[in-house]
Amino acid sequence: MNKLFLVMMLLSLQVFTAHAQDSGGGDRGASTSKSFHEYTLSGGYLGLSASSAQSNIALSYYFKPLRTDLLQVGAEYGFQKVSHRGASSSNTALLAGIAINIGNLNSAFYCQIGMAIKGGSADAENSSETDPNGFGYHFLCGKRIPIGGSPSWVFKPSVGVIAGGTGGMVFRPLAVSYLF
C-alpha cells in the first residue's frame with residue numbers, strides 16, 4: 001500500500017514539474033478562474049482491495065485560499081458500505097486536505113491529498129477483517145470535465161487510494177461539482 005502511494009505521489013510531482021516547464025514557469029498552473037468555491041456530490045465509488053468492495057455517497061467542499069487555481073483546501077464527508085470476505089460494515093469517512101490543480105479550475109487535472117478518518121461499526125461477528133475505524137491518508141487524482149453553465153458544472157471522476165481502517169484502491173466514476 002505504501003509503495004503504491006509513493007508511486008502515485010512521484011507521478012503527480014513529475015506531471016506537475018513537466019507542466020511547469022512546458023508553460024514557461026507555470027503560467028497555466030497559476031491561472032485564475034472566477035470560481036473560488038467548489039461543492040462536489042460523489043456517489044457509487046467502487047473500492048477494491050484484498051477481497052473487499054466499497055461503495056459510498058459523499059459531499060465535499062473545497063475553496064481557493066489564494067487567487068490562483070493551483071491550490072484548494074477542503075474536506076469531504078461521506079457514508080460508506082464495505083464488504084470484506086463475506087462480512088460487511090457501515091461507516092462514515094472524513095477526508096480533509098488539499099487539492100493541487102494543473103490548468104484552469106473548470107477543466108483542471110487535479111490531485112487531492114490529505115488525511116482520512118473512518119469510524120463505524122461492523123455488521124458481522126468477525127469484525128477484525130472489516131474494521132471500519134481508522135486514521136490514515138487519501139490520495140485521489142482525476143480530471144474535471146466541463147458540463148456547462150455559469151457558474152460552472154463539471155464532471156469530476158477520480159481514482160486513487162483511501163487508507164484508514166479497511167480501505168484501499170478506489171475508482172470514483174460518479175462525481176459532479178458545482179463551481180462558483
# chains A, B, ... in the order shown; residues from 1 in each chain; ligands from 1

call {"tool": "select_by_dssp", "arguments": {"residues": "region 67-175 of chain A", "states": "helix (DSSP H, G or I)", "output": "JSON, numbers by chain"}}
result
{"A": [105, 106, 107, 127, 128, 129, 130]}

call {"tool": "residues_around", "arguments": {"residues": "region 95-101 of chain A", "least_positions_apart": "6", "cutoff": "10 Å", "atoms": "only C-alpha atoms", "output": "PyMOL selection string"}}
result
chain A and resi 12+16+29-31+60-64+68-78+107-118+136-144+162

call {"tool": "closest_residue", "arguments": {"among": "A:Phe155, A:Asn106, A:Ile147, A:Ser121", "to": "Lys34 (chain A)", "atoms": "only C-alpha atoms"}}
result
A:Asn106

call {"tool": "atom_distance", "arguments": {"atom1": "CA of Trp153 (chain A)", "atom2": "CA of Ser177 (chain A)"}}
result
5.7 Å

call {"tool": "atom_distance", "arguments": {"atom1": "CA of Ala163 (chain A)", "atom2": "CA of Ser90 (chain A)"}}
result
15.6 Å

call {"tool": "atom_distance", "arguments": {"atom1": "CA of Leu179 (chain A)", "atom2": "CA of Asn104 (chain A)"}}
result
11.9 Å

call {"tool": "closest_residue", "arguments": {"among": "A:Gly43, A:Phe171, A:Ile145, A:Leu66", "to": "Gly103 (chain A)", "atoms": "only C-alpha atoms"}}
result
A:Ile145

call {"tool": "select_by_dssp", "arguments": {"residues": "region 80-163 of chain A", "states": "strand (DSSP E)", "output": "PyMOL selection string"}}
result
chain A and resi 80-84+87-102+109-122+134-143+145-148+152-155+158-163

call {"tool": "write_last_selection", "arguments": {"atoms": "C-alpha atoms", "output": "mmCIF file, in the first residue's frame"}}
result
data_model
loop_
_atom_site.group_PDB
_atom_site.id
_atom_site.type_symbol
_atom_site.label_atom_id
_atom_site.label_comp_id
_atom_site.auth_asym_id
_atom_site.auth_seq_id
_atom_site.Cartn_x
_atom_site.Cartn_y
_atom_site.Cartn_z
ATOM 1 C CA GLN A 80 -19.556 4.012 3.149
ATOM 2 C CA LYS A 81 -20.538 0.376 2.949
ATOM 3 C CA VAL A 82 -17.548 -2.026 2.975
ATOM 4 C CA SER A 83 -17.810 -5.776 2.276
ATOM 5 C CA HIS A 84 -14.828 -7.990 3.031
ATOM 6 C CA ALA A 87 -18.603 -9.685 6.319
ATOM 7 C CA SER A 88 -19.699 -6.092 5.966
ATOM 8 C CA SER A 89 -19.527 -2.803 7.826
ATOM 9 C CA SER A 90 -21.053 0.632 7.557
ATOM 10 C CA ASN A 91 -19.078 3.712 8.386
ATOM 11 C CA THR A 92 -18.631 7.399 7.849
ATOM 12 C CA ALA A 93 -15.476 8.864 6.418
ATOM 13 C CA LEU A 94 -13.958 12.300 6.710
ATOM 14 C CA LEU A 95 -11.281 13.272 4.176
ATOM 15 C CA ALA A 96 -9.540 16.603 4.671
ATOM 16 C CA GLY A 97 -6.612 18.099 2.820
ATOM 17 C CA ILE A 98 -5.528 19.984 -0.262
ATOM 18 C CA ALA A 99 -6.152 19.735 -3.981
ATOM 19 C CA ILE A 100 -3.442 20.658 -6.472
ATOM 20 C CA ASN A 101 -4.847 21.718 -9.847
ATOM 21 C CA ILE A 102 -2.993 21.916 -13.137
ATOM 22 C CA PHE A 109 -6.173 17.784 -13.884
ATOM 23 C CA TYR A 110 -6.141 17.530 -10.079
ATOM 24 C CA CYS A 111 -4.706 15.532 -7.194
ATOM 25 C CA GLN A 112 -6.215 15.574 -3.716
ATOM 26 C CA ILE A 113 -4.090 14.511 -0.752
ATOM 27 C CA GLY A 114 -4.627 14.609 2.984
ATOM 28 C CA MET A 115 -5.864 12.696 5.999
ATOM 29 C CA ALA A 116 -8.669 10.151 6.171
ATOM 30 C CA ILE A 117 -10.629 9.290 9.300
ATOM 31 C CA LYS A 118 -13.168 6.466 9.273
ATOM 32 C CA GLY A 119 -15.491 5.381 12.031
ATOM 33 C CA GLY A 120 -18.410 2.974 12.265
ATOM 34 C CA SER A 121 -19.463 -0.490 13.348
ATOM 35 C CA ALA A 122 -19.086 -3.933 11.801
ATOM 36 C CA GLY A 134 -9.055 4.053 11.491
ATOM 37 C CA PHE A 135 -6.895 7.046 10.749
ATOM 38 C CA GLY A 136 -4.869 7.208 7.553
ATOM 39 C CA TYR A 137 -4.456 9.154 4.320
ATOM 40 C CA HIS A 138 -6.155 9.684 0.985
ATOM 41 C CA PHE A 139 -4.674 10.363 -2.440
ATOM 42 C CA LEU A 140 -7.025 10.846 -5.408
ATOM 43 C CA CYS A 141 -6.271 12.052 -8.938
ATOM 44 C CA GLY A 142 -8.657 12.930 -11.717
ATOM 45 C CA LYS A 143 -9.727 15.372 -14.395
ATOM 46 C CA ILE A 145 -14.637 17.810 -17.483
ATOM 47 C CA PRO A 146 -16.822 20.905 -18.042
ATOM 48 C CA ILE A 147 -20.541 20.235 -18.428
ATOM 49 C CA GLY A 148 -21.570 23.868 -18.839
ATOM 50 C CA SER A 152 -19.886 26.038 -13.833
ATOM 51 C CA TRP A 153 -20.978 22.441 -13.527
ATOM 52 C CA VAL A 154 -18.198 19.886 -14.054
ATOM 53 C CA PHE A 155 -17.963 16.107 -14.170
ATOM 54 C CA SER A 158 -11.130 10.184 -9.967
ATOM 55 C CA VAL A 159 -9.005 7.205 -8.992
ATOM 56 C CA GLY A 160 -6.722 6.762 -6.005
ATOM 57 C CA VAL A 161 -6.240 5.354 -2.511
ATOM 58 C CA ILE A 162 -8.169 5.892 0.697
ATOM 59 C CA ALA A 163 -6.397 4.212 3.609
#

call {"tool": "closest_residue", "arguments": {"among": "A:Thr32, A:Met169, A:His37, A:Tyr178", "to": "Ser55 (chain A)", "atoms": "only C-alpha atoms"}}
result
A:Met169
